[in-house]
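Chemist: Provided below: coords15.csv, containing CSV, C-alpha atoms.
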chain,number,residue,atom,x,y,z
A,11,MET,CA,-102.0,-26.7,96.5
A,12,ASN,CA,-98.5,-26.2,95.1
A,13,ILE,CA,-96.1,-28.4,97.1
A,14,THR,CA,-92.4,-28.7,96.6
A,15,ILE,CA,-90.6,-31.7,98.1
A,16,THR,CA,-86.9,-32.3,98.4
A,17,GLY,CA,-85.1,-35.6,98.6
A,18,SER,CA,-85.8,-36.7,95.0
A,19,LEU,CA,-87.5,-40.0,94.6
A,20,GLY,CA,-85.8,-41.7,97.5
A,21,ASN,CA,-87.2,-44.0,100.2
A,22,VAL,CA,-89.5,-41.3,101.4
A,23,GLY,CA,-89.8,-39.0,98.4
A,24,ARG,CA,-91.3,-41.4,95.9
A,25,ARG,CA,-94.2,-42.5,98.1
A,26,LEU,CA,-94.8,-39.0,99.3
A,27,THR,CA,-95.0,-37.8,95.7
A,28,GLU,CA,-97.4,-40.5,94.7
A,29,LYS,CA,-99.7,-39.7,97.6
A,30,LEU,CA,-99.7,-36.0,97.1
A,31,VAL,CA,-100.3,-36.3,93.4
A,32,ALA,CA,-103.1,-38.8,94.0
A,33,ARG,CA,-104.8,-36.1,96.2
A,34,GLY,CA,-104.7,-33.6,93.4
A,35,HIS,CA,-101.8,-31.5,94.4
A,36,ARG,CA,-99.3,-29.9,92.0
A,37,VAL,CA,-96.0,-31.4,93.2
A,38,THR,CA,-92.5,-30.2,92.3
A,39,VAL,CA,-89.7,-32.7,93.1
A,40,VAL,CA,-86.2,-31.4,93.7
A,41,SER,CA,-83.3,-33.6,92.7
A,42,HIS,CA,-79.7,-33.2,91.6
A,43,SER,CA,-80.1,-36.1,89.1
A,44,PRO,CA,-81.3,-35.3,85.6
A,45,GLU,CA,-81.7,-39.1,85.2
A,46,ARG,CA,-84.7,-38.9,87.5
A,47,ILE,CA,-86.7,-36.6,85.2
A,48,ALA,CA,-88.5,-39.4,83.4
A,49,ALA,CA,-89.5,-41.1,86.6
A,50,MET,CA,-90.8,-37.9,88.1
A,51,GLU,CA,-92.9,-37.1,85.0
A,52,ALA,CA,-94.3,-40.6,85.0
A,53,LEU,CA,-95.6,-39.8,88.5
A,54,HIS,CA,-97.1,-36.6,87.1
A,55,ALA,CA,-94.7,-34.5,89.2
A,56,ILE,CA,-92.7,-31.5,88.0
A,57,PRO,CA,-88.9,-32.0,88.0
A,58,ALA,CA,-86.6,-29.3,89.5
A,59,ILE,CA,-83.1,-30.3,88.8
A,60,GLY,CA,-80.3,-28.6,90.7
A,61,SER,CA,-78.2,-28.5,93.9
A,62,LEU,CA,-79.7,-28.0,97.3
A,63,GLN,CA,-76.5,-26.0,98.1
A,64,ASP,CA,-77.5,-23.4,95.4
A,65,ALA,CA,-79.7,-20.9,97.2
A,66,ALA,CA,-80.8,-19.3,93.9
A,67,PHE,CA,-82.0,-22.7,92.5
A,68,LEU,CA,-83.7,-23.5,95.8
A,69,GLN,CA,-85.5,-20.2,95.8
A,70,GLU,CA,-86.7,-20.9,92.2
A,71,ALA,CA,-87.9,-24.4,93.3
A,72,PHE,CA,-89.8,-23.0,96.3
A,73,ALA,CA,-91.3,-19.9,94.6
A,74,GLY,CA,-95.1,-20.1,94.6
A,75,ALA,CA,-95.2,-23.1,96.9
A,76,ASP,CA,-97.9,-23.2,99.5
A,77,ALA,CA,-96.1,-25.9,101.4
A,78,VAL,CA,-92.7,-27.6,101.3
A,79,TYR,CA,-91.2,-30.9,102.5
A,80,ILE,CA,-87.5,-30.5,103.4
A,81,MET,CA,-84.8,-32.9,104.2
A,82,ILE,CA,-81.0,-32.8,104.2
A,83,PRO,CA,-79.5,-35.8,102.4
A,84,PRO,CA,-76.2,-37.1,103.5
A,85,ASP,CA,-73.3,-35.7,101.5
A,86,PRO,CA,-70.4,-38.3,101.3
A,87,SER,CA,-68.0,-35.5,100.3
A,88,ALA,CA,-68.7,-33.4,103.4
A,89,THR,CA,-65.6,-33.0,105.6
A,90,ASN,CA,-67.6,-31.7,108.5
A,91,VAL,CA,-71.1,-33.3,108.4
A,92,ARG,CA,-72.6,-31.2,111.2
A,93,LYS,CA,-71.5,-28.0,109.6
A,94,TYR,CA,-72.9,-29.2,106.3
A,95,ILE,CA,-76.3,-29.8,108.0
A,96,ARG,CA,-76.3,-26.5,109.8
A,97,GLU,CA,-75.5,-24.6,106.6
A,98,ALA,CA,-78.3,-26.5,104.8
A,99,GLY,CA,-80.7,-25.5,107.5
A,100,ASP,CA,-79.7,-21.8,107.3
A,101,ARG,CA,-80.2,-22.0,103.5
A,102,TYR,CA,-83.7,-23.6,103.8
A,103,ALA,CA,-84.8,-21.0,106.4
A,104,GLN,CA,-83.6,-18.1,104.3
A,105,VAL,CA,-85.3,-19.3,101.2
A,106,ILE,CA,-88.5,-20.2,102.9
A,107,ALA,CA,-88.7,-16.7,104.4
A,108,ARG,CA,-88.0,-15.1,101.0
A,109,CYS,CA,-90.6,-17.2,99.3
A,110,GLY,CA,-93.2,-16.7,102.0
A,111,VAL,CA,-93.9,-20.4,102.3
A,112,GLN,CA,-96.7,-20.9,104.9
A,113,TYR,CA,-96.3,-24.6,105.7
A,114,VAL,CA,-93.1,-26.6,106.2
A,115,VAL,CA,-92.7,-30.3,107.0
A,116,ASN,CA,-89.1,-30.8,108.1
A,117,LEU,CA,-87.5,-34.3,108.3
A,118,SER,CA,-85.4,-34.1,111.5
A,119,SER,CA,-84.3,-37.0,113.7
A,120,ILE,CA,-84.8,-38.6,117.0
A,121,GLY,CA,-82.5,-36.9,119.5
A,122,ALA,CA,-82.9,-33.5,118.0
A,123,HIS,CA,-84.1,-32.1,121.3
A,124,ILE,CA,-80.4,-32.1,122.4
A,125,PRO,CA,-78.4,-29.1,121.4
A,126,ASP,CA,-75.1,-31.1,121.3
A,127,GLY,CA,-76.8,-34.4,120.5
A,128,ALA,CA,-75.0,-37.4,119.1
A,129,GLY,CA,-74.4,-37.9,115.4
A,130,PRO,CA,-76.5,-35.5,113.3
A,131,ALA,CA,-79.0,-34.9,116.1
A,132,GLY,CA,-77.3,-31.8,117.5
A,133,ALA,CA,-77.1,-30.3,114.0
A,134,ASN,CA,-80.8,-31.2,113.5
A,135,TYR,CA,-81.5,-29.3,116.7
A,136,TYR,CA,-79.9,-26.3,115.2
A,137,VAL,CA,-82.0,-26.6,112.0
A,138,GLU,CA,-85.2,-27.0,114.0
A,139,GLN,CA,-84.4,-23.8,115.9
A,140,LYS,CA,-83.7,-21.9,112.7
A,141,LEU,CA,-87.1,-23.0,111.3
A,142,ASN,CA,-88.8,-22.2,114.6
A,143,ALA,CA,-87.6,-18.6,114.2
A,144,LEU,CA,-89.7,-18.1,111.1
A,145,ALA,CA,-92.5,-15.9,112.4
A,146,ASP,CA,-95.0,-16.4,109.6
A,147,THR,CA,-94.5,-20.1,108.8
A,148,HIS,CA,-96.1,-23.2,110.3
A,149,VAL,CA,-93.5,-25.9,110.8
A,150,LEU,CA,-93.9,-29.6,111.6
A,151,HIS,CA,-90.7,-31.4,112.6
A,152,LEU,CA,-90.8,-35.2,111.9
A,153,ARG,CA,-88.5,-37.1,114.2
A,154,PRO,CA,-88.0,-40.7,113.0
A,155,GLY,CA,-85.8,-43.3,114.6
A,156,MET,CA,-83.3,-45.5,112.8
A,157,PHE,CA,-84.5,-46.4,109.3
A,158,TYR,CA,-85.4,-50.1,108.7
A,159,THR,CA,-83.7,-49.7,105.4
A,160,ASN,CA,-80.3,-49.3,107.1
A,161,PHE,CA,-80.3,-53.0,107.7
A,162,LEU,CA,-80.0,-53.6,104.0
A,163,GLY,CA,-76.4,-52.5,104.4
A,164,ALA,CA,-75.7,-55.5,106.5
A,165,MET,CA,-76.6,-58.1,103.9
A,166,ASN,CA,-73.0,-59.1,103.1
A,167,MET,CA,-72.3,-59.6,106.8
A,168,ILE,CA,-75.4,-61.7,107.1
A,169,ARG,CA,-74.7,-63.6,104.0
A,170,TYR,CA,-71.0,-64.4,104.7
A,171,GLN,CA,-70.8,-64.5,108.5
A,172,ASN,CA,-74.4,-65.2,109.6
A,173,ILE,CA,-74.2,-62.2,112.0
A,174,ILE,CA,-75.7,-58.7,112.2
A,175,GLY,CA,-74.7,-56.1,114.7
A,176,ASN,CA,-73.6,-52.6,115.7
A,177,ASN,CA,-71.4,-51.0,118.4
A,178,PHE,CA,-73.9,-51.7,121.2
A,179,ASP,CA,-75.3,-54.7,123.0
A,180,ALA,CA,-78.1,-56.9,121.7
A,181,SER,CA,-80.3,-56.2,124.7
A,182,LEU,CA,-80.6,-52.4,123.9
A,183,ASN,CA,-83.8,-51.1,122.3
A,184,MET,CA,-83.9,-49.1,119.1
A,185,ILE,CA,-86.6,-46.9,117.8
A,186,LEU,CA,-87.2,-48.1,114.3
A,187,SER,CA,-89.0,-46.2,111.5
A,188,HIS,CA,-90.1,-47.3,108.1
A,189,PRO,CA,-89.7,-44.8,105.3
A,190,HIS,CA,-93.3,-45.4,104.3
A,191,ASP,CA,-94.6,-44.4,107.7
A,192,ILE,CA,-92.6,-41.2,107.4
A,193,ALA,CA,-94.0,-40.5,103.9
A,194,ASP,CA,-97.5,-41.2,105.1
A,195,ALA,CA,-97.2,-38.8,108.0
A,196,ALA,CA,-95.7,-36.1,105.7
A,197,ALA,CA,-98.4,-36.6,103.1
A,198,GLU,CA,-101.2,-36.3,105.6
A,199,ALA,CA,-99.7,-33.1,107.1
A,200,LEU,CA,-99.1,-31.5,103.8
A,201,HIS,CA,-102.5,-32.4,102.5
A,202,THR,CA,-104.5,-31.3,105.5
A,203,ARG,CA,-102.2,-28.5,106.8
A,204,SER,CA,-103.8,-29.1,110.2
A,205,PHE,CA,-100.7,-28.1,112.1
A,206,SER,CA,-100.1,-24.6,113.3
A,207,GLY,CA,-97.2,-22.9,115.0
A,208,LYS,CA,-94.2,-25.1,115.6
A,209,LYS,CA,-94.9,-28.8,116.2
A,210,ILE,CA,-92.9,-32.0,116.7
A,211,GLN,CA,-94.1,-35.5,115.6
A,212,TYR,CA,-92.2,-38.7,116.3
A,213,ILE,CA,-92.3,-41.5,113.8
A,214,ALA,CA,-91.8,-44.9,115.5
A,215,SER,CA,-92.9,-47.9,113.5
A,216,ASP,CA,-91.5,-50.3,116.1
A,217,GLU,CA,-89.3,-50.6,119.2
A,218,ARG,CA,-87.0,-53.7,119.2
A,219,ASN,CA,-83.6,-54.8,120.5
A,220,GLY,CA,-80.8,-56.3,118.6
A,221,SER,CA,-81.6,-59.9,119.6
A,222,GLU,CA,-85.2,-59.5,118.3
A,223,ILE,CA,-84.0,-57.9,115.1
A,224,ALA,CA,-81.6,-60.7,114.4
A,225,SER,CA,-84.3,-63.3,115.2
A,226,VAL,CA,-87.0,-61.8,113.0
A,227,LEU,CA,-84.7,-61.0,110.0
A,228,GLY,CA,-83.0,-64.4,110.3
A,229,ARG,CA,-86.3,-66.4,110.2
A,230,ALA,CA,-87.5,-64.4,107.2
A,231,ILE,CA,-84.4,-65.3,105.2
A,232,GLY,CA,-84.1,-68.9,106.3
A,233,GLN,CA,-81.2,-68.3,108.7
A,234,PRO,CA,-82.9,-68.8,112.1
A,235,ASP,CA,-79.5,-68.8,113.9
A,236,LEU,CA,-78.6,-65.3,112.8
A,237,ALA,CA,-77.0,-63.6,115.8
A,238,TRP,CA,-76.6,-59.9,116.8
A,239,ILE,CA,-73.1,-59.1,117.9
A,240,ASN,CA,-71.6,-56.1,119.7
A,241,ILE,CA,-68.9,-54.8,117.5
A,242,SER,CA,-66.2,-52.6,118.9
A,243,ASP,CA,-66.0,-49.0,117.7
A,244,GLU,CA,-62.7,-49.6,116.0
A,245,GLN,CA,-63.8,-52.8,114.3
A,246,MET,CA,-67.0,-50.9,113.1
A,247,LEU,CA,-64.9,-48.1,111.8
A,248,GLN,CA,-62.5,-50.3,109.9
A,249,GLY,CA,-65.3,-52.3,108.3
A,250,MET,CA,-67.0,-49.2,107.1
A,251,LEU,CA,-63.8,-47.7,105.8
A,252,GLN,CA,-63.2,-50.9,103.8
A,253,ASN,CA,-66.8,-50.6,102.4
A,254,GLY,CA,-66.0,-47.1,101.1
A,255,LEU,CA,-67.5,-44.9,103.8
A,256,THR,CA,-65.4,-41.9,104.8
A,257,GLU,CA,-64.3,-41.7,108.5
A,258,GLU,CA,-66.5,-38.5,108.9
A,259,MET,CA,-69.6,-40.2,107.6
A,260,ALA,CA,-69.0,-43.4,109.5
A,261,THR,CA,-68.4,-41.5,112.8
A,262,VAL,CA,-71.3,-39.1,112.7
A,263,TYR,CA,-74.0,-41.2,111.2
A,264,ILE,CA,-73.2,-44.6,112.7
A,265,LEU,CA,-70.6,-44.7,115.5
A,266,ASP,CA,-71.8,-41.7,117.4
A,267,ILE,CA,-75.4,-42.9,117.3
A,268,GLY,CA,-74.4,-46.3,118.6
A,269,ARG,CA,-72.5,-44.7,121.5
A,270,ALA,CA,-75.5,-42.6,122.4
A,271,ILE,CA,-77.8,-45.7,122.3
A,272,ARG,CA,-75.5,-47.7,124.6
A,273,GLU,CA,-75.2,-44.6,126.9
A,274,SER,CA,-79.0,-44.0,126.9
A,275,LYS,CA,-78.7,-40.4,125.7
A,276,LEU,CA,-81.0,-40.4,122.7
A,277,PHE,CA,-84.5,-41.5,123.5
A,278,ASP,CA,-85.5,-39.6,126.6
A,279,ASP,CA,-87.7,-37.0,124.9
A,280,TYR,CA,-89.2,-39.7,122.7
A,281,ALA,CA,-90.1,-41.7,125.8
A,282,LYS,CA,-92.2,-38.7,127.1
A,283,ASN,CA,-94.1,-38.5,123.8
A,284,ARG,CA,-94.3,-42.2,122.9
A,285,HIS,CA,-98.1,-42.2,123.1
A,286,THR,CA,-98.4,-39.7,120.3
A,287,ALA,CA,-95.9,-41.3,117.9
A,288,LEU,CA,-97.1,-42.4,114.5
A,289,GLY,CA,-96.1,-45.6,112.6
A,290,SER,CA,-97.7,-48.9,111.9
A,291,ILE,CA,-95.2,-51.0,109.9
A,292,LYS,CA,-93.7,-53.5,112.3
A,293,LEU,CA,-90.4,-55.3,112.1
A,294,GLU,CA,-92.1,-58.5,110.9
A,295,ASP,CA,-93.6,-56.5,108.0
A,296,PHE,CA,-90.2,-55.1,107.0
A,297,ALA,CA,-88.6,-58.5,107.3
A,298,LYS,CA,-90.8,-59.7,104.4
A,299,GLU,CA,-89.4,-56.8,102.3
A,300,PHE,CA,-85.9,-57.6,103.5
A,301,ALA,CA,-86.2,-61.2,102.5
A,302,VAL,CA,-87.3,-60.4,99.0
A,303,ILE,CA,-84.3,-58.0,98.5
A,304,TYR,CA,-81.9,-60.5,100.2
A,305,LYS,CA,-83.0,-63.4,98.0
A,306,GLN,CA,-82.7,-61.2,94.9
A,307,ALA,CA,-79.2,-60.4,95.8
A,308,LEU,CA,-78.4,-64.1,96.3
A,309,ALA,CA,-80.0,-64.9,92.9
A,310,MET,CA,-77.9,-62.3,91.2
A,311,ALA,CA,-74.8,-63.7,92.8
A,312,GLY,CA,-75.8,-67.2,91.5
A,313,GLU,CA,-76.6,-68.6,94.9
A,314,ALA,CA,-79.7,-70.2,96.2
A,315,LYS,CA,-81.2,-69.9,99.7
For this file, write the structure as structure tokens.
Modeler:
Amino acid sequence: MNITITGSLGNVGRRLTEKLVARGHRVTVVSHSPERIAAMEALHAIPAIGSLQDAAFLQEAFAGADAVYIMIPPDPSATNVRKYIREAGDRYAQVIARCGVQYVVNLSSIGAHIPDGAGPAGANYYVEQKLNALADTHVLHLRPGMFYTNFLGAMNMIRYQNIIGNNFDASLNMILSHPHDIADAAAEALHTRSFSGKKIQYIASDERNGSEIASVLGRAIGQPDLAWINISDEQMLQGMLQNGLTEEMATVYILDIGRAIRESKLFDDYAKNRHTALGSIKLEDFAKEFAVIYKQALAMAGEAK
């Protein structure tokens, strides 16, 4: 099989590439970074270097592919994130149709069942519908929850203030997804091509609330009194702006999602399909990875923990 995957060698892409190559597939990896060429070739993948916003390049990368894995990476320069996502979906759909790709695995998001869903969810709904309109293409939409790896962005807060949090209460549940569970689901789907028509698959590695997350991560790094705090929207925004995030990125990807969680507007369709969700890497498993990265950061800073 000729398979093209987007997303470079990121949290999902590297493992997905490894698994597909190991199963004998000819894998082309799309990336905007020439610096990744050596790493791709080391994995026995074919580099395709260019911009996902270039339809001609994308068509070249998808030409001859039996199946593709598509995702829309965040663009920090986007002044309208939802428009950026919708336009990327239009481009993907057009190129897939032109190239006659038969199988597509699309990385969507939880909440994408809502046309005007919070954060990127509404834009992902639009993308799903554009792909669903492809008459001769089988499409599997993967809908993960919040990535475990997002918690890595809280390391300084944990390190200096012994707190972790978001703009919702510690008692509220989150649907959590490990990138490896996403990669494994995508690899299995692309390898077997056992899906037909238009399908949805939720990826839920675990379901935990803020208090549990603070407790598990805190014990793993030797800070058992680590506390989850409910941060106001304005405090969250100012903190993210100080860390270099644009107001648009902070609002769409973080604040809006937090508001939807506290208003119970994100997980209703998932709840109906919880029994079919895939994912096996629990919070305690991720906590071990988190602890290694956290302690490496302390060591680099000349601290011990």
Chemist: When you look at Tyr304 in chain A with a cut-off of 9 Å (counting only C-alpha atoms), what residues show up, excluding the ones that are within fewer than 6 positions of it in the same chain? I need them as a VMD selection string.
Modeler: chain A and resid 162 165 169 231
Chemist: Please tabulate, as CSV, the residues of range 241-272 of chain A that come within 9 Å of range 276-295 of chain A, each with its closest pair of atoms and the distance in Å to one decimal, counting only C-alpha atoms and ordering rows by chain, then residue number upward.
Modeler:
residue,atom,partner,partner_atom,distance
A:Ile267,CA,A:Leu276,CA,8.2
A:Ala270,CA,A:Leu276,CA,5.9
A:Ile271,CA,A:Leu276,CA,6.2
Chemist: At what distance in Å, to one decimal, does CA of Thr159 in chain A lie from CA of Ala193 in chain A?
Modeler: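 That distance, rounded to one decimal, is 13.9 Å.
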Chemist: Would you compute the distance between CA of Thr261 in chain A and CA of Tyr94 in chain A? Give it in Å to one decimal.
Modeler: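 Pair CA of Thr261 in chain A / CA of Tyr94 in chain A returns 14.6 Å.
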Chemist: Which one is closest to Gln63 in chain A: A:Ser41, A:Asn183, A:Ser206, A:Gln306? Count only C-alpha atoms.
Modeler: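 Checking each of A:Ser41, A:Asn183, A:Ser206, A:Gln306 against Gln63 in chain A, counting only C-alpha atoms, the winner is A:Ser41.
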Chemist: Neighbourhood query: residues within 8 Å of (-88.1, -42.1, 102.6), file coordinates, counting all atoms listed in the file; return as a list of chain:residue names.
Modeler: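 Residues found, by chain and rising number: A:Gly20, A:Asn21, A:Val22, A:Gly23, A:Arg24, A:Arg25, A:His188, A:Pro189, A:His190, A:Ile192, A:Ala193.
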Chemist: Write the residues of the selection above to a file with C-alpha atoms, as a PDB file, in the frame of the given file.
Modeler:
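Below is the file that was written, part-v7.pdb:
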ATOM      1  CA  GLY A  20     -85.800 -41.700  97.500  1.00  0.00           C
ATOM      2  CA  ASN A  21     -87.200 -44.000 100.200  1.00  0.00           C
ATOM      3  CA  VAL A  22     -89.500 -41.300 101.400  1.00  0.00           C
ATOM      4  CA  GLY A  23     -89.800 -39.000  98.400  1.00  0.00           C
ATOM      5  CA  ARG A  24     -91.300 -41.400  95.900  1.00  0.00           C
ATOM      6  CA  ARG A  25     -94.200 -42.500  98.100  1.00  0.00           C
ATOM      7  CA  HIS A 188     -90.100 -47.300 108.100  1.00  0.00           C
ATOM      8  CA  PRO A 189     -89.700 -44.800 105.300  1.00  0.00           C
ATOM      9  CA  HIS A 190     -93.300 -45.400 104.300  1.00  0.00           C
ATOM     10  CA  ILE A 192     -92.600 -41.200 107.400  1.00  0.00           C
ATOM     11  CA  ALA A 193     -94.000 -40.500 103.900  1.00  0.00           C
TER      12      ALA A 193
END
Chemist: At a cut-off of 6 Å, using only C-alpha atoms, what residues contact Ser118 in chain A? Leave out same-chain residues fewer than 5 positions from it and give the result as a list of chain:residue names.
Modeler: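 In the requested format, the answer is A:Asn134, A:Leu152, A:Arg153.
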Chemist: Once you have the residues from the selection above, write them out as a short mmCIF file (atom, residue, chain, number, x, y, z; two decimals), in the frame of the given file, restricted to C-alpha atoms.
Modeler:
data_model
loop_
_atom_site.label_atom_id
_atom_site.label_comp_id
_atom_site.auth_asym_id
_atom_site.auth_seq_id
_atom_site.Cartn_x
_atom_site.Cartn_y
_atom_site.Cartn_z
CA ASN A 134 -80.80 -31.20 113.50
CA LEU A 152 -90.80 -35.20 111.90
CA ARG A 153 -88.50 -37.10 114.20
#
Chemist: Could you check which of A:Asp179, A:Tyr136, A:Ala143, A:Trp238 is closest to Met167 in chain A, using only C-alpha atoms?
Modeler: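 Once distances to Met167 in chain A are computed over only C-alpha atoms, the minimum belongs to A:Trp238.
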Chemist: Is there a way to get, as a list in words, all residues within 8 Å of the point (-96.8, -32.0, 109.0) in file coordinates, counting all atoms listed in the file?
Modeler: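 The residues that fall inside the cut-off are Val114, Val115, Asn116, Val149, Leu150, His151, Leu152, Ala195, Ala196, Ala197, Glu198, Ala199, Leu200, Arg203, Ser204, Phe205 and Gln211 of chain A.
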Chemist: For Asp235 in chain A, which of A:Ile174, A:Asn166, A:Lys305, A:Tyr263 is the closest residue, counting only C-alpha atoms?
Modeler: A:Ile174
